$ cat work.txt   # compact mmCIF, C-alpha atoms and all ligand atoms
# COMPACT_ATOMS: atom_id res chain seq x y z
CA MET A 1 -16.77 -7.36 11.49
CA ASP A 2 -18.91 -4.98 9.44
CA SER A 3 -18.02 -2.12 7.12
CA SER A 4 -17.92 0.36 10.00
CA THR A 5 -15.06 -1.49 11.75
CA SER A 6 -11.91 0.62 11.77
CA LEU A 7 -8.64 -0.40 10.12
CA GLU A 8 -6.82 -0.72 13.45
CA THR A 9 -9.38 -3.26 14.71
CA LEU A 10 -9.53 -5.14 11.38
CA LEU A 11 -5.75 -5.61 11.44
CA LEU A 12 -6.08 -7.30 14.83
CA CYS A 13 -9.28 -9.27 14.43
CA ALA A 14 -10.27 -9.87 10.78
CA ASP A 15 -8.75 -13.40 10.80
CA ARG A 16 -10.24 -14.57 14.10
CA ASP A 17 -12.63 -17.52 14.05
CA ALA A 18 -15.47 -17.80 16.53
CA GLY A 19 -14.59 -20.29 19.26
CA GLU A 20 -10.85 -20.11 18.59
CA ARG A 21 -8.70 -20.49 21.71
CA ASP A 22 -5.26 -19.49 20.38
CA ILE A 23 -4.45 -15.83 20.97
CA ALA A 24 -1.40 -15.92 18.69
CA PRO A 25 -2.06 -17.84 15.45
CA PRO A 26 -0.66 -21.36 15.15
CA LEU A 27 1.87 -22.17 12.42
CA HIS A 28 0.76 -24.98 10.06
CA LEU A 29 3.70 -26.64 8.28
CA SER A 30 2.04 -29.67 6.71
CA VAL A 31 2.10 -29.87 2.91
CA PRO A 32 -0.68 -32.46 2.37
CA PHE A 33 -3.79 -32.46 4.56
CA ALA A 34 -5.73 -35.68 5.25
CA SER A 35 -9.47 -36.37 4.96
CA LEU A 36 -10.60 -32.88 4.15
CA PHE A 37 -9.99 -33.44 0.44
CA ASP A 38 -13.36 -33.55 -1.28
CA GLU A 39 -13.00 -36.28 -3.92
CA SER A 40 -15.88 -34.92 -5.92
CA ALA A 41 -14.08 -31.58 -6.44
CA GLU A 42 -12.05 -31.08 -9.55
CA VAL A 43 -8.45 -30.55 -8.45
CA SER A 44 -6.99 -28.53 -11.31
CA GLY A 45 -8.61 -25.14 -11.14
CA ALA A 46 -9.87 -26.39 -7.81
CA PRO A 47 -12.43 -24.67 -5.68
CA HIS A 48 -10.39 -22.93 -3.04
CA SER A 49 -9.34 -25.07 -0.10
CA ASP A 50 -6.60 -24.27 2.40
CA ARG A 51 -6.41 -27.86 3.65
CA PHE A 52 -5.67 -29.93 0.56
CA TYR A 53 -2.00 -29.45 -0.46
CA ARG A 54 0.04 -26.45 0.57
CA ARG A 55 0.62 -25.07 -2.95
CA TYR A 56 -3.16 -24.53 -3.17
CA GLY A 57 -3.21 -22.59 0.08
CA HIS A 58 -2.70 -23.20 3.78
CA PRO A 59 -4.38 -22.00 6.98
CA THR A 60 -1.76 -19.34 7.80
CA GLN A 61 -2.06 -17.99 4.24
CA THR A 62 -5.84 -17.82 4.64
CA ARG A 63 -5.51 -15.75 7.81
CA LEU A 64 -3.18 -13.33 6.04
CA GLU A 65 -5.63 -13.09 3.12
CA LYS A 66 -8.51 -12.30 5.49
CA VAL A 67 -6.59 -9.46 7.16
CA MET A 68 -5.35 -7.95 3.90
CA SER A 69 -8.70 -8.17 2.10
CA ALA A 70 -10.31 -6.44 5.10
CA ALA A 71 -7.56 -3.79 5.16
CA GLU A 72 -8.03 -3.04 1.45
CA GLY A 73 -11.85 -3.21 1.60
CA ALA A 74 -11.78 -6.10 -0.90
CA GLU A 75 -14.06 -9.12 -1.23
CA ALA A 76 -11.11 -11.50 -1.43
CA ALA A 77 -7.33 -11.69 -1.55
CA LEU A 78 -4.60 -14.09 -2.64
CA ALA A 79 -1.28 -14.10 -0.78
CA THR A 80 1.89 -14.87 -2.75
CA ALA A 81 5.56 -15.56 -2.02
CA SER A 82 6.63 -11.98 -2.80
CA GLY A 83 5.43 -8.72 -4.30
CA MET A 84 6.81 -9.84 -7.65
CA GLY A 85 4.92 -13.11 -7.19
CA ALA A 86 1.71 -11.07 -6.89
CA ILE A 87 2.47 -8.84 -9.89
CA SER A 88 3.63 -11.64 -12.21
CA THR A 89 0.69 -13.87 -11.22
CA ALA A 90 -1.79 -11.05 -11.88
CA LEU A 91 -0.28 -10.19 -15.25
CA LEU A 92 0.00 -13.79 -16.44
CA ALA A 93 -3.54 -14.56 -15.24
CA LEU A 94 -5.02 -11.66 -17.21
CA LEU A 95 -2.92 -11.37 -20.39
CA SER A 96 -2.50 -13.50 -23.50
CA GLN A 97 -0.44 -13.25 -26.66
CA GLY A 98 -1.47 -10.20 -28.72
CA ASP A 99 -2.85 -8.26 -25.73
CA HIS A 100 -1.69 -4.76 -24.89
CA VAL A 101 -0.89 -3.44 -21.41
CA ILE A 102 -0.28 0.14 -20.29
CA GLY A 103 2.28 0.73 -17.54
CA GLN A 104 4.17 3.74 -16.26
CA ARG A 105 7.67 5.05 -16.96
CA SER A 106 8.26 5.37 -13.24
CA MET A 107 7.65 2.08 -11.44
CA TYR A 108 9.55 -0.40 -9.29
CA ALA A 109 12.38 -1.79 -11.44
CA GLY A 110 11.17 -5.41 -11.20
CA THR A 111 7.75 -4.44 -12.58
CA LEU A 112 9.41 -2.41 -15.33
CA SER A 113 11.61 -5.35 -16.24
CA LEU A 114 8.60 -7.69 -16.29
CA LEU A 115 6.79 -5.29 -18.65
CA GLN A 116 9.75 -4.36 -20.83
CA ASP A 117 11.63 -7.68 -21.04
CA LEU A 118 9.39 -10.64 -20.15
CA ALA A 119 5.99 -9.54 -21.50
CA PRO A 120 7.24 -8.88 -25.08
CA ARG A 121 8.77 -12.41 -25.15
CA LEU A 122 5.23 -13.74 -24.63
CA GLY A 123 3.83 -11.59 -27.45
CA ILE A 124 2.30 -9.03 -25.07
CA HIS A 125 2.61 -5.41 -26.21
CA VAL A 126 3.47 -2.75 -23.67
CA SER A 127 3.24 1.06 -23.58
CA LEU A 128 4.82 3.00 -20.74
CA VAL A 129 3.34 6.45 -20.10
CA ASP A 130 3.99 9.53 -17.97
CA GLN A 131 1.65 8.78 -15.06
CA THR A 132 1.48 12.43 -13.97
CA ASP A 133 -0.59 13.16 -17.11
CA PRO A 134 -3.97 11.30 -17.04
CA SER A 135 -4.47 12.00 -20.77
CA ALA A 136 -1.30 9.96 -21.51
CA PHE A 137 -3.18 6.81 -20.45
CA GLU A 138 -6.07 7.67 -22.76
CA GLN A 139 -3.75 8.29 -25.71
CA ALA A 140 -2.08 4.90 -25.16
CA VAL A 141 -5.34 2.85 -25.25
CA THR A 142 -5.66 0.58 -28.31
CA HIS A 143 -8.35 -1.95 -29.30
CA ALA A 144 -6.07 -4.63 -27.77
CA THR A 145 -5.57 -2.97 -24.35
CA LYS A 146 -6.59 -5.43 -21.61
CA LEU A 147 -4.83 -4.02 -18.60
CA ILE A 148 -3.58 -0.78 -17.04
CA MET A 149 -0.95 -1.34 -14.34
CA VAL A 150 -0.18 1.63 -12.09
CA GLU A 151 1.96 2.24 -9.05
CA THR A 152 1.27 5.32 -6.92
CA PRO A 153 3.28 6.84 -5.38
CA SER A 154 5.91 5.34 -7.63
CA ASN A 155 9.18 3.91 -6.40
CA PRO A 156 11.58 5.78 -6.32
CA LEU A 157 10.39 9.08 -7.85
CA LEU A 158 7.13 9.42 -5.90
CA HIS A 159 5.17 10.32 -9.01
CA LEU A 160 1.42 9.99 -8.52
CA THR A 161 -1.30 8.48 -10.70
CA ASP A 162 -4.80 9.94 -10.57
CA LEU A 163 -6.52 6.70 -9.55
CA ALA A 164 -10.11 7.92 -10.07
CA ALA A 165 -9.30 9.28 -13.55
CA VAL A 166 -7.50 6.11 -14.68
CA SER A 167 -10.19 3.79 -13.34
CA ALA A 168 -12.95 5.83 -15.04
CA LEU A 169 -11.07 5.66 -18.35
CA ALA A 170 -10.51 1.93 -17.97
CA LYS A 171 -14.18 1.24 -17.20
CA GLU A 172 -15.20 3.15 -20.33
CA HIS A 173 -13.03 0.79 -22.42
CA GLY A 174 -13.60 -2.46 -20.48
CA ILE A 175 -9.97 -2.56 -19.31
CA VAL A 176 -8.90 -4.15 -16.00
CA THR A 177 -6.87 -1.92 -13.65
CA ILE A 178 -4.24 -2.95 -11.12
CA ALA A 179 -2.66 -0.56 -8.59
CA ASP A 180 0.53 -1.33 -6.70
CA ASN A 181 -0.24 0.13 -3.27
CA THR A 182 3.05 -0.88 -1.63
CA VAL A 183 4.47 2.60 -1.04
CA ALA A 184 1.19 4.08 0.22
CA THR A 185 -0.05 1.04 2.23
CA PRO A 186 -3.75 0.62 3.15
CA VAL A 187 -3.12 3.03 6.04
CA ASN A 188 -2.75 5.92 3.58
CA GLN A 189 -4.64 4.95 0.43
CA HIS A 190 -7.52 2.73 -0.79
CA PRO A 191 -7.38 2.29 -4.59
CA LEU A 192 -10.43 -0.03 -4.67
CA GLU A 193 -12.59 2.79 -3.29
CA LEU A 194 -11.49 4.90 -6.25
CA GLY A 195 -12.65 2.29 -8.77
CA ILE A 196 -9.44 0.28 -9.30
CA ASP A 197 -10.13 -3.45 -9.86
CA LEU A 198 -7.15 -5.09 -8.15
CA VAL A 199 -4.60 -3.95 -5.61
CA VAL A 200 -1.19 -5.61 -5.35
CA HIS A 201 1.42 -5.21 -2.63
CA SER A 202 4.89 -6.18 -1.73
CA LEU A 203 4.03 -7.07 1.88
CA THR A 204 7.79 -7.43 2.33
CA LYS A 205 7.79 -3.69 3.01
CA ALA A 206 5.76 -1.69 5.55
CA ALA A 207 3.00 -4.31 5.86
CA SER A 208 5.24 -6.95 7.46
CA GLY A 209 7.50 -4.11 8.49
CA HIS A 210 10.56 -5.73 10.09
CA SER A 211 12.72 -6.64 7.03
CA ASP A 212 12.43 -10.36 7.79
CA ALA A 213 9.48 -11.61 5.70
CA LEU A 214 9.03 -11.89 1.93
CA ALA A 215 5.37 -11.70 0.91
CA GLY A 216 2.87 -10.33 -1.59
CA ILE A 217 -0.89 -10.00 -2.02
CA ILE A 218 -3.50 -9.44 -4.71
CA ALA A 219 -6.85 -8.09 -3.45
CA GLY A 220 -10.11 -7.40 -5.28
CA ALA A 221 -13.43 -8.91 -6.31
CA GLU A 222 -13.94 -12.62 -5.58
CA SER A 223 -14.43 -13.41 -9.28
CA LEU A 224 -11.06 -11.86 -10.24
CA ILE A 225 -9.23 -13.44 -7.30
CA ASP A 226 -10.58 -16.85 -8.42
CA VAL A 227 -8.96 -16.27 -11.82
CA MET A 228 -5.70 -15.33 -10.05
CA ARG A 229 -5.81 -18.46 -7.87
CA ARG A 230 -6.02 -20.78 -10.87
CA THR A 231 -2.85 -19.26 -12.36
CA HIS A 232 -1.18 -19.07 -8.95
CA VAL A 233 -1.36 -22.82 -8.25
CA LEU A 234 0.31 -23.43 -11.62
CA LEU A 235 3.07 -20.82 -11.20
CA GLY A 236 3.69 -21.93 -7.62
CA SER A 237 4.60 -18.55 -6.09
CA VAL A 238 3.32 -19.83 -2.75
CA ILE A 239 4.02 -17.98 0.48
CA SER A 240 5.70 -20.14 3.12
CA PRO A 241 3.74 -20.59 6.37
CA PHE A 242 6.47 -18.81 8.35
CA ASP A 243 6.55 -15.79 6.01
CA ALA A 244 2.74 -15.63 6.20
CA TRP A 245 2.95 -15.86 9.99
CA LEU A 246 5.60 -13.11 10.24
CA THR A 247 3.62 -10.90 7.87
CA LEU A 248 0.46 -11.41 9.89
CA ARG A 249 2.37 -10.49 13.04
CA GLY A 250 3.75 -7.35 11.36
CA LEU A 251 0.30 -6.30 10.14
CA ARG A 252 -1.00 -6.08 13.73
CA THR A 253 1.15 -2.93 14.23
CA MET A 254 1.19 -1.59 10.64
CA LEU A 255 -1.05 1.36 11.39
CA MET A 256 1.13 2.76 14.18
CA ARG A 257 4.34 2.14 12.26
CA VAL A 258 3.09 3.76 9.05
CA GLU A 259 1.81 6.81 10.95
CA LYS A 260 5.33 7.20 12.38
CA HIS A 261 6.82 6.71 8.87
CA ASN A 262 4.50 9.47 7.60
CA ARG A 263 5.74 11.88 10.31
CA ASN A 264 9.43 10.99 9.91
CA ALA A 265 9.40 11.25 6.10
CA LEU A 266 7.69 14.64 6.14
CA ALA A 267 10.21 15.98 8.66
CA VAL A 268 13.17 14.63 6.66
CA ALA A 269 11.73 15.94 3.36
CA ARG A 270 11.25 19.44 4.84
CA PHE A 271 14.81 19.45 6.20
CA LEU A 272 16.27 18.36 2.85
CA ALA A 273 14.16 20.84 0.85
CA ALA A 274 15.69 23.70 2.86
CA HIS A 275 19.30 22.45 2.56
CA PRO A 276 21.61 24.25 0.10
CA ARG A 277 23.31 21.00 -1.06
CA ILE A 278 20.00 19.47 -2.19
CA ALA A 279 18.84 20.22 -5.74
CA ALA A 280 15.36 18.61 -5.55
CA VAL A 281 13.24 16.61 -3.09
CA HIS A 282 10.57 14.19 -4.31
CA TYR A 283 7.90 13.79 -1.63
CA PRO A 284 4.18 14.38 -2.26
CA GLY A 285 3.68 15.64 1.30
CA LEU A 286 5.64 18.81 0.54
CA SER A 287 3.22 21.62 -0.29
CA ASP A 288 5.27 22.60 -3.37
CA HIS A 289 5.32 19.05 -4.81
CA PRO A 290 3.69 19.36 -8.26
CA GLN A 291 1.09 16.73 -7.36
CA HIS A 292 0.51 17.72 -3.72
CA ALA A 293 -3.18 18.49 -4.32
CA LEU A 294 -3.74 15.04 -5.85
CA ALA A 295 -1.88 13.44 -2.93
CA VAL A 296 -4.16 15.23 -0.44
CA GLY A 297 -7.24 14.28 -2.49
CA GLN A 298 -6.60 10.55 -2.85
CA SER A 299 -4.61 9.63 0.25
CA SER A 300 -4.73 10.34 3.96
CA GLY A 301 -0.94 10.31 4.50
CA PHE A 302 2.15 10.55 2.35
CA GLY A 303 4.15 7.46 3.33
CA GLY A 304 7.68 6.71 4.41
CA LEU A 305 9.51 6.89 1.08
CA LEU A 306 11.20 9.94 -0.43
CA SER A 307 14.00 10.59 -2.86
CA PHE A 308 16.24 13.55 -3.62
CA GLU A 309 18.82 14.86 -6.05
CA ILE A 310 22.03 16.06 -4.51
CA CYS A 311 24.21 18.85 -5.97
CA GLY A 312 27.39 17.19 -7.18
CA GLY A 313 25.64 14.15 -8.74
CA LYS A 314 26.91 10.59 -8.35
CA THR A 315 30.11 11.42 -6.41
CA ALA A 316 28.27 13.54 -3.85
CA ALA A 317 25.52 10.91 -3.52
CA GLU A 318 28.09 8.19 -2.89
CA GLY A 319 29.86 10.44 -0.35
CA LEU A 320 26.58 11.07 1.47
CA LEU A 321 25.68 7.38 1.62
CA SER A 322 29.07 6.43 3.04
CA SER A 323 28.85 9.15 5.74
CA LEU A 324 25.35 8.34 7.02
CA ARG A 325 25.49 6.59 10.40
CA ILE A 326 21.85 5.65 11.05
CA PRO A 327 20.41 4.41 7.73
CA ALA A 328 21.90 1.27 6.20
CA ASN A 329 22.93 1.54 2.55
CA SER A 330 20.44 -1.10 1.44
CA ALA A 331 17.52 -2.10 -0.75
CA SER A 332 13.91 -2.23 0.50
CA LEU A 333 11.67 0.19 2.35
CA GLY A 334 9.01 0.31 5.04
CA GLY A 335 11.08 -1.33 7.79
CA THR A 336 11.98 -0.39 11.34
CA ARG A 337 15.41 0.95 10.34
CA SER A 338 15.95 3.71 7.77
CA LEU A 339 17.51 2.58 4.49
CA ALA A 340 19.18 4.77 1.88
CA VAL A 341 20.37 3.78 -1.57
CA ARG A 342 21.25 5.06 -5.04
CA PRO A 343 18.61 3.40 -7.31
CA ALA A 344 20.78 3.79 -10.42
CA ALA A 345 23.43 1.61 -8.76
CA MET A 346 20.97 -0.86 -7.18
CA TRP A 347 18.95 -1.78 -10.28
CA THR A 348 21.65 -2.55 -12.83
CA ARG A 349 20.42 -6.19 -12.98
CA GLU A 350 16.81 -5.24 -13.76
CA LEU A 351 17.33 -2.25 -16.07
CA THR A 352 19.76 -1.45 -18.88
CA GLU A 353 21.45 1.95 -18.71
CA ASN A 354 18.90 3.29 -21.21
CA GLN A 355 15.91 1.87 -19.35
CA SER A 356 17.27 3.31 -16.12
CA ALA A 357 17.63 6.78 -17.69
CA GLU A 358 14.11 6.52 -19.19
CA ALA A 359 12.78 5.66 -15.72
CA GLY A 360 14.33 8.92 -14.44
CA LEU A 361 17.05 7.31 -12.30
CA SER A 362 19.78 9.93 -12.48
CA PRO A 363 23.19 8.97 -11.00
CA GLY A 364 22.77 11.57 -8.21
CA LEU A 365 19.31 10.35 -7.12
CA VAL A 366 19.20 9.02 -3.53
CA ARG A 367 16.21 7.06 -2.24
CA PHE A 368 15.55 7.38 1.47
CA ALA A 369 13.14 4.97 3.16
CA VAL A 370 12.56 6.21 6.69
CA GLY A 371 12.40 3.84 9.62
CA LEU A 372 11.05 4.32 13.12
CA GLU A 373 14.00 6.24 14.54
CA GLN A 374 13.52 9.57 16.31
CA GLU A 375 13.11 12.23 13.60
CA ASP A 376 15.64 14.68 15.12
CA ASP A 377 18.29 11.92 15.08
CA LEU A 378 17.62 11.23 11.38
CA ILE A 379 17.85 14.94 10.56
CA ALA A 380 21.06 15.40 12.59
CA ASP A 381 22.61 12.42 10.81
CA LEU A 382 21.67 13.73 7.36
CA GLY A 383 23.00 17.16 8.39
CA GLN A 384 26.41 15.81 9.45
CA ALA A 385 26.66 13.67 6.29
CA LEU A 386 25.84 16.66 4.04
CA ASP A 387 28.28 18.88 5.96
CA SER A 388 31.03 16.30 5.50
CA LEU A 389 30.83 16.56 1.69
CA PRO A 390 33.69 18.51 0.09
CA ALA A 391 32.70 22.02 -1.02
CA GLU A 392 31.55 22.17 -4.66
C1 LIG B 401 6.52 -0.80 -5.32
C2 LIG B 401 7.04 -2.20 -5.28
N1 LIG B 401 6.31 -3.21 -5.79
C3 LIG B 401 6.76 -4.48 -5.79
C4 LIG B 401 7.99 -4.80 -5.27
C5 LIG B 401 8.47 -6.23 -5.30
O1 LIG B 401 8.38 -6.76 -4.02
P1 LIG B 401 9.11 -8.09 -3.53
O2 LIG B 401 10.54 -7.76 -3.30
O3 LIG B 401 8.37 -8.46 -2.28
O4 LIG B 401 8.96 -9.10 -4.62
C6 LIG B 401 8.79 -3.80 -4.73
C7 LIG B 401 10.12 -4.12 -4.17
O5 LIG B 401 10.90 -3.26 -3.81
C8 LIG B 401 8.31 -2.46 -4.73
O6 LIG B 401 9.04 -1.45 -4.21

$ encode --input "work.txt" --output "structure tokens"
Amino acid sequence: MDSSTSLETLLLCADRDAGERDIAPPLHLSVPFASLFDESAEVSGAPHSDRFYRRYGHPTQTRLEKVMSAAEGAEAALATASGMGAISTALLALLSQGDHVIGQRSMYAGTLSLLQDLAPRLGIHVSLVDQTDPSAFEQAVTHATKLIMVETPSNPLLHLTDLAAVSALAKEHGIVTIADNTVATPVNQHPLELGIDLVVHSLTKAASGHSDALAGIIAGAESLIDVMRRTHVLLGSVISPFDAWLTLRGLRTMLMRVEKHNRNALAVARFLAAHPRIAAVHYPGLSDHPQHALAVGQSSGFGGLLSFEICGGKTAAEGLLSSLRIPANSASLGGTRSLAVRPAAMWTRELTENQSAEAGLSPGLVRFAVGLEQEDDLIADLGQALDSLPAE
């Protein structure tokens, strides 16, 4: 495969070995591997082998890493047991006591909790900024800043970060950048092309795509992924062979599924934006979204996640969720079936009430992750659920 190979072909072929006879990949369950262990190699901080002991890597993991590094245009990738496994491994590999990290006010709640609760316990200082203002990142830089961690679009508010501006700033100050590309997926956005150092994903979402695999990935330059691997074997956030296998299987069809998500989400967002019971719709694909121009400039599609504020706040949002017939009232996103949830209710374990308010999670905010259903059916269902709400 060379650099001209298209994403759809890479997703199908980037892990194939010459001479291989299996069409579907085999599943390797062994934990130790015999004879291939090179006794001269140092085991701790070992040179990468996927046939030594499963915590250090395994053949199904390697195939997943090949596909995801190709999809992201990266030199190398490290698969992990979950998206949080990828994010925590990356942060712990790069940061030490006394270091400073810049994150965003709007991010996935687990990442926010890691930054706001766990990092300070390790003596790591954290600033959270308004990602919609590139100068906010610059103002937050200190002599101790080692890392800028961004998520764009952010979950669940769909705020965008100007990836080229943040990576240019970081390079000027010798700061490493990480972008969580889960919501966009490599179908819609390539942060590495815009100068970001590392991309992380929850592959649990649209990448695996069927709500049955838990997986994560870190992708970037070989030298940085080597640093990640050394921390990873110690933390042990290892993806199981079956989750790697399911994720690999999901990736084969990611492009078609995400294109359908893009179409469904735009149709749903337009319907909601025109509905009198909806106070605000957050979706960068809408032409009046405050960051629509940035979305068009740095991505080729707008993704399957949107959120909205409903008139009548928490009570109306709860009424809507209980009247919807197609989406399940559930966590997660990027699957085959639409999922709708009130983030303020879902993330009470990760965020205190104050942290939740600071992250912009109002009680009437509903997050809607479209699935692969027919768009008219989704719109009809939302319409009947909104019509069933008592008049204000
Ligand atoms: C943007 C984003 N990043 C990371 C994660 C964590 O992923 P996982 O559940 O696979 O650990 C999530 C989970 O919802 C997410 O939405």

$ residues_around --input "work.txt" --residues "Met228 in chain A" --least-positions-apart "6" --cutoff "12 Å" --atoms "all atoms listed in the file" --output "PyMOL selection string"
chain A and resi 45+48+56+76-80+85-95+198+200+217-222+234-237

$ residues_near_ligand --input "work.txt" --ligand "ligand LIG 401 (chain B)" --cutoff "8 Å" --atoms "only C-alpha atoms and all ligand atoms" --output "ChimeraX atom specification"
/A:81-87,107-111,151,154-156,180-183,200-205,214-216,331-333

$ closest_residue --input "work.txt" --among "A:Ala345, A:Arg270, A:Pro363, A:Ile326" --to "Lys314 in chain A" --atoms "all atoms listed in the file"
A:Pro363

$ residues_around --input "work.txt" --residues "range 372-378 of chain A" --least-positions-apart "2" --cutoff "9 Å" --atoms "all atoms listed in the file" --output "JSON, numbers by chain"
{"A": [257, 258, 260, 261, 263, 264, 265, 267, 268, 326, 327, 335, 336, 337, 338, 370, 380, 381, 382, 383]}

$ closest_residue --input "work.txt" --among "A:Pro32, A:Ser299, A:Ala357, A:Leu118" --to "Asp162 in chain A" --atoms "only C-alpha atoms"
A:Ser299
